[in-house]
Each structure stands twice: as C-alpha cells, then as structure tokens.
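*Asks:* Encoded as structure tokens, here's the structure I'll be asking about.
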Amino acid sequence: MSSSENSAGGTTTPRLVAEEETSPGQLAAFEERIARGEKIEPGDWMPALYRKQLIRLIQQHANSELMGALPEGQWIPYAPGFRRKMALIAKVQDEVGHAQLLYRAAETLGKPRHEMMTELVNGESKYSNVFNYPCETWADIAMVGWLIDGAAIVNQTIMQTGSYGPYSRALQRITYEEAFHLKQGYDLVVTLHTGTPAQRAMCQEAFSRWWWPLMMFFGPPDRASVHTDILQRWALKPKTNDEQRQIFLRKFVPKIQELGLEIPDEDLRWDEDSGTWHFTQPDWDEFKRVIRGGGPLNAERLALRRLLYEQGSWLRTALEQAEQPRAAA
Ligand code: COA
C-alpha cells in the first residue's frame, strides 16, 4: 500500500466516513448513475474506495504537473532568444496552474492541500516517471514540449471522459492549454531538425534518450497494472495503459517518421493482423526504480521542490493570518 493511500484514508473527515458506510442499494444506485454516464459531484455519496482511488489519481497527476514545471523552468534563463523565452515562461506558468487546478479537484474529496504538498516534498507520493530524467540540451525542451505534452494530451483526453465531475472539468481546460504546448514543442523540433547538422544531431540525440521513458509514461503493461480494474469499474479510467500507449503510437509514430527522426527500437513495426504497433518493451525494472525514487534526478528535483515550498511558507502564513480575523468575525 502506498503512503498516499494511507494518508487518503487517514485524512477523510468523520462526516465523509459516515456517508460512505455502504447500505444495501447505495452502491447499486451509485453504479447505475455511472452506467447512465452521469458525473459524480463532491457532495454526492460515493464508495470509500472510489474516493481513495480518485485522491491517489488526482494527487499524483497534480504532483506531475508541479514537478514537470521544474526541468523546463530551469531552462528559462538559457532559452535562445526573447520569443522562445516568453513561450517557455508561459508554458511553465500554465503547468503550475494545472497543478493548482488538480490539487483543488483533489481537495473536493476531503484531502487538505498542505498534506498533499508535504507528502510530495517528503517523497511519499508519486509523480510521473518522465520528470526524473535530465534535460541536457535545448533539444530536450523541444522533446518535452512535443512528445511529453503529446502523451499527456492522449492520456488526459481519455481521462476527461471519466466519472468525477471536478477532475473531468479540470482536464478539459488543461488539455486545451496542452494543445498549445504541443504546437510550440513541435515548432521547436522542426526548427532544430531542419537546422544545422549540429542542431539536427542534437535533436536526434535528445529524441533517442526520451523514447524509452516516454514508452513508460502510460504505466506498466496491463497484466502488471494494479488499479486498472477498479478504476474501470467506476469509469475513472476509460482506457487501459496498453490501449493508451497504442493510441499514442498510432498518433505519433507516423509524425516522427515523416520528420525523419530515427526511433531507437529496431523491432518497432505495424502489425496488420492485430492492428497494433509491435514494440520492444522498455526496461520495466528501470521504471520501478524511477517511480520509487531511484531515478537519475529524483533526489535533486525533490530537493528543489522542497526548497521552493519552504521559501513560499511566509506567504502561506500571511494568507492564513489574513483569513483569521475574517473567520472570527
Ligand atoms: N509514473 C509514475 N508512476 C506511475 C506511472 C508513471 N508513468 N504509471 C504508473 N505508475 C504507478 C501508479 O501510480 C501505481 O502506483 P501506486 O499504486 O503507488 O499508486 C503503479 O505504478 C501501478 O500502476 P497502475 O496500476 O497501472 O496505475 P494506474 O491505474 O493509476 O494507471 C496512469 C497509471 C498514469 C495511466 C494513471 O494513473 C493516469 O492516467 N493518471 C492520471 C494522469 C497523470 O497522472 N498523468 C501524468 C502526468 S501528465
């Protein structure tokens, strides 16, 4: 059991626990609503496990948006030229805004934000594997903008059709903004790939490094997925990890090939019979290491996030103090 699961249970208020004691018919009525395609809203009755899974899912997603702002944020001072710098600043601000929207959606389920932040900076909750790898050159920023945001759009377009209203609505807005990120990432890739031989080589080198973490982005193969069954039962994850990966491959491999970037997987091929892309499985042991904190930059990225969180404590205190007289009045 992950620590976020522990804390999700631990932070549920007594009122919510009482609501979730299942009485005969409650679960059936809830599942009928889901079968009718209705959205579940914060005040509605929901099974305790639905709430717990949602908190886990949304918290990890919010963490990913916040941690994802770091590698790109660190490149802002080095962006080549004023326009590229403005676009990158805007993108980083968007990503932090996405985190705020998602933490807010998780708060509607009863988990306070400071708990989620504390768990993140203490390394007790997860975030996407991809944000633990280095951005060594400017071409990495191009790859993150095009392919990581591209993968996120695939994932979020699917997840936004899920059954929880606040998460679904937050994802609709996030996906809209990510679509612009993808365009700026693609423009960067094309610029580098059609530039000087050195730029082209830098582009290919970054692409080759990102390919494998990207293949892990949608999670372990379905046979190893822990949560898919329960998430699908309650329409929280409309497609499995492998289905999402295939949608990504169908969408992006032709674009990658059209550009002339070389995919570092000799076995990658379209399989007519199954109508799927056949690919070499990434190193799933590396994936496990990375999501448990042992990736190349986990410690460094978390240390930076912790520092930024501590630096912001004066503002949180000031806001809390400003609220107190009003609350007392
Ligand atoms: N990075 C880090 N951890 C990951 C991961 C990834 N790319 N993919 C899966 N995991 C973790 C899961 O969180 C889970 O860990 P936990 O039990 O400690 O919570 C474990 O690996 C087993 O995976 P699985 O059972 O398949 O998890 P899942 O059903 O939640 O599916 C996602 C994984 C990423 C597809 C799903 O959580 C999802 O769509 N999340 C919302 C979107 C999101 O977070 N996107 C990332 C950033 S944009």
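Letters for chains follow the order of the structure tokens (A, B, ...), residue numbers begin at 1 for each chain, and ligand numbers begin at 1 in the order shown.
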Would you write out, as CSV, a table of all residues in chain A that have an atom no more than 6 Å from an atom of ligand 1, listing for each the closest atom pair and the distance in Å to one decimal, considering only C-alpha atoms and all ligand atoms and ordering rows by chain and rising residue number?
*Replies:*
```
residue,atom,partner,partner_atom_place_in_ligand_line,distance
A:Ser2,CA,ligand 1,18 (O),4.8
A:Leu57,CA,ligand 1,37 (O),5.3
A:Gln60,CA,ligand 1,44 (O),5.4
A:His61,CA,ligand 1,44 (O),3.4
A:Ser64,CA,ligand 1,47 (C),4.9
A:Lys126,CA,ligand 1,3 (N),5.9
A:Tyr127,CA,ligand 1,2 (C),5.1
A:Ser128,CA,ligand 1,1 (N),3.4
A:Asn129,CA,ligand 1,1 (N),3.8
A:Ala152,CA,ligand 1,48 (S),4.7
A:Asn155,CA,ligand 1,39 (O),5.9
A:Met216,CA,ligand 1,7 (N),5.7
A:Phe217,CA,ligand 1,7 (N),3.8
A:Phe218,CA,ligand 1,35 (C),4.7
A:Gly219,CA,ligand 1,8 (N),3.2
A:Pro220,CA,ligand 1,26 (O),5.5
A:Ser225,CA,ligand 1,25 (O),3.7
A:Val226,CA,ligand 1,25 (O),3.4
A:His227,CA,ligand 1,25 (O),3.8
A:Thr228,CA,ligand 1,29 (O),4.3
A:Asn241,CA,ligand 1,35 (C),5.4
A:Ile291,CA,ligand 1,2 (C),4.9
```
*Asks:* Taking the backbone alone, and naming residues the way the document does, which bits of segment 53-101 of chain A are alpha helix (DSSP H) by DSSP, as a PyMOL selection string?
*Replies:* chain A and resi 53-73+82-101
*Asks:* When you draw a straight line from atom CA of Thr194 of chain A to atom CA of Ala142 of chain A, how long is it in Å?
*Replies:*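 Atom-to-atom, atom CA of Thr194 of chain A and atom CA of Ala142 of chain A are spaced 13.2 Å apart.
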*Asks:* Give me, please, the distance in Å between atom CA of Asp242 of chain A and atom CA of Tyr103 of chain A, quoted to one decimal.
*Replies:* 26.8 Å
*Asks:* Hey, can you check how far atom CA of Ala62 of chain A sits from atom CA of Ala90 of chain A?
*Replies:*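 Separation of atom CA of Ala62 of chain A and atom CA of Ala90 of chain A: 18.2 Å.
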*Asks:* Using only C-alpha atoms, find the one residue out of A:Glu243, A:Glu286, A:Glu310, A:Asp273 that sits nearest to Met117 of chain A.
*Replies:*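 Looking only at the distances to Met117 of chain A, the closest residue turns out to be A:Glu310.
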*Asks:* Using only C-alpha atoms, which protein or nucleic acid residues come within 10 Å of Asp283 of chain A? Drop anything in the same chain fewer than 4 positions from it, and give the result as a PyMOL selection string.
*Replies:* chain A and resi 212-213+215-216+287-288
*Asks:* Pick from A:Met116, A:Leu249, A:Cys135, A:Leu268: nearest to Phe207 of chain A, with only C-alpha atoms counted?
*Replies:* A:Cys135
*Asks:* Which residue gives the smallest distance to Arg113 of chain A among A:Leu214, A:Ala87, A:Ile55, A:Ala79, with only C-alpha atoms counted?
*Replies:*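 Ranked by minimum distance to Arg113 of chain A, first place goes to A:Ile55.
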*Asks:* Extract the full set of strand (DSSP E) residues from segment 127-295 of chain A according to DSSP on the backbone, and format it as a VMD selection string.
*Replies:* chain A and resid 269 to 271 276 to 278
*Asks:* Please write the residues from the selection above to a file, keeping all heavy atoms, as a PDB file, in the first residue's frame.
*Replies:*
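Produced file out.pdb, reproduced below:
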```
ATOM      1  N   ARG A 269       7.203  -2.095 -35.347  1.00  0.00           N
ATOM      2  CA  ARG A 269       6.550  -2.287 -36.650  1.00  0.00           C
ATOM      3  C   ARG A 269       5.041  -2.357 -36.462  1.00  0.00           C
ATOM      4  O   ARG A 269       4.549  -2.741 -35.401  1.00  0.00           O
ATOM      5  CB  ARG A 269       7.058  -3.557 -37.342  1.00  0.00           C
ATOM      6  CG  ARG A 269       6.771  -4.814 -36.594  1.00  0.00           C
ATOM      7  CD  ARG A 269       7.278  -6.071 -37.274  1.00  0.00           C
ATOM      8  NE  ARG A 269       7.336  -7.144 -36.301  1.00  0.00           N
ATOM      9  CZ  ARG A 269       6.290  -7.824 -35.854  1.00  0.00           C
ATOM     10  NH1 ARG A 269       5.087  -7.564 -36.327  1.00  0.00           N
ATOM     11  NH2 ARG A 269       6.424  -8.773 -34.948  1.00  0.00           N
ATOM     12  N   TRP A 270       4.356  -1.960 -37.528  1.00  0.00           N
ATOM     13  CA  TRP A 270       2.896  -2.029 -37.514  1.00  0.00           C
ATOM     14  C   TRP A 270       2.479  -3.461 -37.803  1.00  0.00           C
ATOM     15  O   TRP A 270       2.944  -4.070 -38.771  1.00  0.00           O
ATOM     16  CB  TRP A 270       2.328  -1.075 -38.565  1.00  0.00           C
ATOM     17  CG  TRP A 270       0.840  -1.165 -38.695  1.00  0.00           C
ATOM     18  CD1 TRP A 270       0.134  -1.690 -39.737  1.00  0.00           C
ATOM     19  CD2 TRP A 270      -0.140  -0.727 -37.743  1.00  0.00           C
ATOM     20  NE1 TRP A 270      -1.207  -1.610 -39.501  1.00  0.00           N
ATOM     21  CE2 TRP A 270      -1.417  -1.021 -38.282  1.00  0.00           C
ATOM     22  CE3 TRP A 270      -0.067  -0.118 -36.479  1.00  0.00           C
ATOM     23  CZ2 TRP A 270      -2.595  -0.726 -37.605  1.00  0.00           C
ATOM     24  CZ3 TRP A 270      -1.253   0.170 -35.814  1.00  0.00           C
ATOM     25  CH2 TRP A 270      -2.496  -0.129 -36.380  1.00  0.00           C
ATOM     26  N   ASP A 271       1.647  -4.018 -36.955  1.00  0.00           N
ATOM     27  CA  ASP A 271       1.197  -5.394 -37.138  1.00  0.00           C
ATOM     28  C   ASP A 271      -0.216  -5.371 -37.719  1.00  0.00           C
ATOM     29  O   ASP A 271      -1.167  -4.998 -37.034  1.00  0.00           O
ATOM     30  CB  ASP A 271       1.228  -6.123 -35.778  1.00  0.00           C
ATOM     31  CG  ASP A 271       0.878  -7.582 -35.929  1.00  0.00           C
ATOM     32  OD1 ASP A 271       1.623  -8.297 -36.609  1.00  0.00           O
ATOM     33  OD2 ASP A 271      -0.168  -7.992 -35.391  1.00  0.00           O
ATOM     34  N   THR A 276      -2.135  -3.242 -34.344  1.00  0.00           N
ATOM     35  CA  THR A 276      -1.427  -2.536 -33.267  1.00  0.00           C
ATOM     36  C   THR A 276       0.040  -2.368 -33.647  1.00  0.00           C
ATOM     37  O   THR A 276       0.544  -3.059 -34.537  1.00  0.00           O
ATOM     38  CB  THR A 276      -1.468  -3.322 -31.928  1.00  0.00           C
ATOM     39  OG1 THR A 276      -0.892  -4.614 -32.144  1.00  0.00           O
ATOM     40  CG2 THR A 276      -2.877  -3.456 -31.388  1.00  0.00           C
ATOM     41  N   TRP A 277       0.704  -1.454 -32.930  1.00  0.00           N
ATOM     42  CA  TRP A 277       2.152  -1.321 -33.091  1.00  0.00           C
ATOM     43  C   TRP A 277       2.829  -2.379 -32.217  1.00  0.00           C
ATOM     44  O   TRP A 277       2.514  -2.493 -31.029  1.00  0.00           O
ATOM     45  CB  TRP A 277       2.625   0.068 -32.678  1.00  0.00           C
ATOM     46  CG  TRP A 277       2.389   1.084 -33.753  1.00  0.00           C
ATOM     47  CD1 TRP A 277       1.306   1.914 -33.870  1.00  0.00           C
ATOM     48  CD2 TRP A 277       3.226   1.356 -34.873  1.00  0.00           C
ATOM     49  NE1 TRP A 277       1.413   2.682 -34.991  1.00  0.00           N
ATOM     50  CE2 TRP A 277       2.585   2.365 -35.635  1.00  0.00           C
ATOM     51  CE3 TRP A 277       4.446   0.852 -35.332  1.00  0.00           C
ATOM     52  CZ2 TRP A 277       3.136   2.876 -36.811  1.00  0.00           C
ATOM     53  CZ3 TRP A 277       4.992   1.364 -36.498  1.00  0.00           C
ATOM     54  CH2 TRP A 277       4.336   2.362 -37.231  1.00  0.00           C
ATOM     55  N   HIS A 278       3.737  -3.114 -32.841  1.00  0.00           N
ATOM     56  CA  HIS A 278       4.557  -4.046 -32.072  1.00  0.00           C
ATOM     57  C   HIS A 278       5.831  -3.286 -31.688  1.00  0.00           C
ATOM     58  O   HIS A 278       6.445  -2.633 -32.526  1.00  0.00           O
ATOM     59  CB  HIS A 278       4.904  -5.264 -32.939  1.00  0.00           C
ATOM     60  CG  HIS A 278       5.889  -6.171 -32.305  1.00  0.00           C
ATOM     61  ND1 HIS A 278       5.526  -7.165 -31.425  1.00  0.00           N
ATOM     62  CD2 HIS A 278       7.234  -6.200 -32.383  1.00  0.00           C
ATOM     63  CE1 HIS A 278       6.611  -7.771 -30.993  1.00  0.00           C
ATOM     64  NE2 HIS A 278       7.664  -7.202 -31.560  1.00  0.00           N
TER      65      HIS A 278
END
```
*Asks:* Which residue, A:His193, A:His114, A:Arg292, A:His98, has the smallest gap to Ala69 of chain A when you use only C-alpha atoms?
*Replies:* A:His98
*Asks:* Would you mind listing what lies within 10 Å of Phe30 of chain A as an NGL selection string, with only C-alpha atoms counted and same-chain residues fewer than 6 positions away left out?
*Replies:* :A and (38 or 40 or 44-47 or 234)
*Asks:* Next, the residues of the selection above should be written as a PDB file, in the first residue's frame with N, CA, C and O atoms.
*Replies:*
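So the final result, stored in out_9.pdb, reads:
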```
ATOM      1  N   GLU A  38     -23.682   9.670 -15.849  1.00  0.00           N
ATOM      2  CA  GLU A  38     -23.758  10.879 -15.009  1.00  0.00           C
ATOM      3  C   GLU A  38     -22.403  11.164 -14.364  1.00  0.00           C
ATOM      4  O   GLU A  38     -21.668  10.247 -14.058  1.00  0.00           O
ATOM      5  N   ILE A  40     -20.257  12.292 -11.134  1.00  0.00           N
ATOM      6  CA  ILE A  40     -20.359  12.300  -9.673  1.00  0.00           C
ATOM      7  C   ILE A  40     -19.777  13.630  -9.189  1.00  0.00           C
ATOM      8  O   ILE A  40     -18.712  14.043  -9.664  1.00  0.00           O
ATOM      9  N   ASP A  44     -21.930  14.336  -3.490  1.00  0.00           N
ATOM     10  CA  ASP A  44     -22.690  13.098  -3.723  1.00  0.00           C
ATOM     11  C   ASP A  44     -22.124  11.938  -2.908  1.00  0.00           C
ATOM     12  O   ASP A  44     -20.929  11.904  -2.592  1.00  0.00           O
ATOM     13  N   TRP A  45     -22.976  10.967  -2.624  1.00  0.00           N
ATOM     14  CA  TRP A  45     -22.489   9.751  -1.971  1.00  0.00           C
ATOM     15  C   TRP A  45     -21.563   9.008  -2.943  1.00  0.00           C
ATOM     16  O   TRP A  45     -21.812   8.964  -4.155  1.00  0.00           O
ATOM     17  N   MET A  46     -20.494   8.476  -2.397  1.00  0.00           N
ATOM     18  CA  MET A  46     -19.570   7.670  -3.218  1.00  0.00           C
ATOM     19  C   MET A  46     -18.937   6.607  -2.326  1.00  0.00           C
ATOM     20  O   MET A  46     -18.745   6.833  -1.118  1.00  0.00           O
ATOM     21  N   PRO A  47     -18.589   5.439  -2.876  1.00  0.00           N
ATOM     22  CA  PRO A  47     -17.921   4.436  -2.050  1.00  0.00           C
ATOM     23  C   PRO A  47     -16.564   4.951  -1.570  1.00  0.00           C
ATOM     24  O   PRO A  47     -15.903   5.723  -2.274  1.00  0.00           O
ATOM     25  N   TRP A 234     -15.544   1.907 -12.187  1.00  0.00           N
ATOM     26  CA  TRP A 234     -16.254   3.144 -11.864  1.00  0.00           C
ATOM     27  C   TRP A 234     -15.975   4.253 -12.878  1.00  0.00           C
ATOM     28  O   TRP A 234     -16.081   5.446 -12.558  1.00  0.00           O
TER      29      TRP A 234
END
```
*Asks:* With a distance cut-off of 12 Å and only C-alpha atoms, select the neighbouring residues of Ala35 of chain A, excluding the residue or stretch itself and same-chain residues fewer than 4 positions from it, and output the selection as a list in words.
*Replies:*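 Counting only the stated atoms, we get Ala28, Ala29, Phe30, Glu31, Lys39, Ile40, Gly162, Ser163, Gln232, Arg233, Trp234, Ala235 and Leu236 of chain A.
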*Asks:* Could you please take those selected residues and save N, CA and C atoms as a compact mmCIF listing (two decimals), in the first residue's frame?
*Replies:*
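And here's again.txt as it stands now:
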```
# COMPACT_ATOMS: atom_id res chain seq x y z
N ALA A 28 -25.43 0.05 -5.55
CA ALA A 28 -26.12 -0.23 -6.81
C ALA A 28 -26.61 1.07 -7.45
N ALA A 29 -27.15 1.97 -6.61
CA ALA A 29 -27.66 3.25 -7.15
C ALA A 29 -26.51 4.08 -7.71
N PHE A 30 -25.38 4.06 -7.01
CA PHE A 30 -24.19 4.79 -7.46
C PHE A 30 -23.73 4.25 -8.82
N GLU A 31 -23.67 2.93 -8.91
CA GLU A 31 -23.19 2.33 -10.16
C GLU A 31 -24.18 2.54 -11.31
N LYS A 39 -22.14 12.45 -14.12
CA LYS A 39 -20.93 12.81 -13.38
C LYS A 39 -21.23 12.76 -11.88
N ILE A 40 -20.26 12.29 -11.13
CA ILE A 40 -20.36 12.30 -9.67
C ILE A 40 -19.78 13.63 -9.19
N GLY A 162 -13.99 10.68 -17.79
CA GLY A 162 -14.23 9.89 -16.57
C GLY A 162 -15.41 10.40 -15.75
N SER A 163 -15.71 9.69 -14.67
CA SER A 163 -16.99 9.90 -13.98
C SER A 163 -16.98 10.99 -12.90
N GLN A 232 -11.68 1.13 -13.85
CA GLN A 232 -12.58 0.94 -15.00
C GLN A 232 -14.00 0.62 -14.52
N ARG A 233 -14.11 -0.11 -13.44
CA ARG A 233 -15.45 -0.43 -12.91
C ARG A 233 -16.25 0.85 -12.66
N TRP A 234 -15.54 1.91 -12.19
CA TRP A 234 -16.25 3.14 -11.86
C TRP A 234 -15.97 4.25 -12.88
N ALA A 235 -15.62 3.84 -14.09
CA ALA A 235 -15.46 4.79 -15.21
C ALA A 235 -14.51 5.94 -14.89
N LEU A 236 -13.44 5.61 -14.16
CA LEU A 236 -12.44 6.65 -13.88
C LEU A 236 -11.26 6.56 -14.84
```
*Asks:* So which residues touch Glu107 of chain A within 12 Å, counting only C-alpha atoms, skipping near sequence neighbours fewer than 5 positions away, as a list in words?
*Replies:*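 Contacts, in chain order: Ala8, Thr11, Thr12, Thr13, Pro42, Arg51, Leu54, Ile55, Arg56, Ile58, Gln59, Ala62, Gln100, Leu101, Leu102, Pro112, Arg113, His114, Glu115, Met116, Met117, Pro166 and Tyr167 of chain A.
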*Asks:* Write the residues you've just listed into a file as an mmCIF file, in the first residue's frame, and include N, CA and C atoms for each of them.
*Replies:*
```cif
data_model
loop_
_atom_site.group_PDB
_atom_site.id
_atom_site.type_symbol
_atom_site.label_atom_id
_atom_site.label_comp_id
_atom_site.auth_asym_id
_atom_site.auth_seq_id
_atom_site.Cartn_x
_atom_site.Cartn_y
_atom_site.Cartn_z
ATOM 1 N N ALA A 8 -4.687 9.060 2.438
ATOM 2 C CA ALA A 8 -6.022 9.335 1.915
ATOM 3 C C ALA A 8 -7.062 8.828 2.907
ATOM 4 N N THR A 11 -7.003 11.020 6.223
ATOM 5 C CA THR A 11 -7.442 12.413 6.236
ATOM 6 C C THR A 11 -8.937 12.545 5.992
ATOM 7 N N THR A 12 -9.584 11.445 5.708
ATOM 8 C CA THR A 12 -11.017 11.548 5.430
ATOM 9 C C THR A 12 -11.745 12.010 6.694
ATOM 10 N N THR A 13 -12.603 13.022 6.542
ATOM 11 C CA THR A 13 -13.262 13.580 7.731
ATOM 12 C C THR A 13 -14.322 12.603 8.238
ATOM 13 N N PRO A 42 -18.832 16.485 -5.813
ATOM 14 C CA PRO A 42 -18.242 16.377 -4.466
ATOM 15 C C PRO A 42 -19.220 16.035 -3.345
ATOM 16 N N ARG A 51 -13.462 7.244 -3.603
ATOM 17 C CA ARG A 51 -12.815 8.466 -3.107
ATOM 18 C C ARG A 51 -11.303 8.275 -2.975
ATOM 19 N N LEU A 54 -9.576 8.036 -6.337
ATOM 20 C CA LEU A 54 -9.557 9.338 -7.006
ATOM 21 C C LEU A 54 -8.503 10.257 -6.399
ATOM 22 N N ILE A 55 -8.428 10.250 -5.075
ATOM 23 C CA ILE A 55 -7.421 11.102 -4.421
ATOM 24 C C ILE A 55 -6.030 10.675 -4.892
ATOM 25 N N ARG A 56 -5.784 9.385 -4.915
ATOM 26 C CA ARG A 56 -4.480 8.879 -5.379
ATOM 27 C C ARG A 56 -4.192 9.363 -6.803
ATOM 28 N N ILE A 58 -5.648 11.816 -8.686
ATOM 29 C CA ILE A 58 -5.572 13.271 -8.934
ATOM 30 C C ILE A 58 -4.339 13.854 -8.242
ATOM 31 N N GLN A 59 -4.038 13.357 -7.040
ATOM 32 C CA GLN A 59 -2.855 13.864 -6.333
ATOM 33 C C GLN A 59 -1.586 13.584 -7.147
ATOM 34 N N ALA A 62 -1.553 15.931 -10.094
ATOM 35 C CA ALA A 62 -1.183 17.296 -9.701
ATOM 36 C C ALA A 62 0.324 17.382 -9.428
ATOM 37 N N GLN A 100 -2.375 23.578 -9.700
ATOM 38 C CA GLN A 100 -3.322 24.217 -8.770
ATOM 39 C C GLN A 100 -4.747 23.710 -9.014
ATOM 40 N N LEU A 101 -5.131 23.637 -10.290
ATOM 41 C CA LEU A 101 -6.485 23.145 -10.621
ATOM 42 C C LEU A 101 -6.685 21.732 -10.089
ATOM 43 N N LEU A 102 -5.651 20.908 -10.256
ATOM 44 C CA LEU A 102 -5.791 19.489 -9.875
ATOM 45 C C LEU A 102 -5.754 19.310 -8.352
ATOM 46 N N PRO A 112 -6.631 17.823 2.536
ATOM 47 C CA PRO A 112 -6.095 19.192 2.520
ATOM 48 C C PRO A 112 -4.836 19.316 1.655
ATOM 49 N N ARG A 113 -4.678 20.475 1.037
ATOM 50 C CA ARG A 113 -3.562 20.686 0.123
ATOM 51 C C ARG A 113 -2.205 20.583 0.834
ATOM 52 N N HIS A 114 -2.128 21.120 2.079
ATOM 53 C CA HIS A 114 -0.813 21.099 2.734
ATOM 54 C C HIS A 114 -0.348 19.661 2.975
ATOM 55 N N GLU A 115 -1.301 18.755 3.162
ATOM 56 C CA GLU A 115 -0.919 17.340 3.316
ATOM 57 C C GLU A 115 -0.350 16.782 2.018
ATOM 58 N N MET A 116 -0.985 17.148 0.910
ATOM 59 C CA MET A 116 -0.504 16.659 -0.393
ATOM 60 C C MET A 116 0.883 17.231 -0.685
ATOM 61 N N MET A 117 1.075 18.510 -0.343
ATOM 62 C CA MET A 117 2.385 19.116 -0.598
ATOM 63 C C MET A 117 3.455 18.488 0.288
ATOM 64 N N PRO A 166 -15.418 17.256 -11.030
ATOM 65 C CA PRO A 166 -14.357 18.264 -10.922
ATOM 66 C C PRO A 166 -13.061 17.872 -11.667
ATOM 67 N N TYR A 167 -12.708 16.592 -11.632
ATOM 68 C CA TYR A 167 -11.493 16.143 -12.333
ATOM 69 C C TYR A 167 -11.705 16.249 -13.846
#
```
*Asks:* May I have the residues within 10 Å of Leu304 of chain A as an NGL selection string, using only C-alpha atoms and disregarding those fewer than 6 positions away in the same chain?
*Replies:* :A and (67 or 70 or 121 or 310)
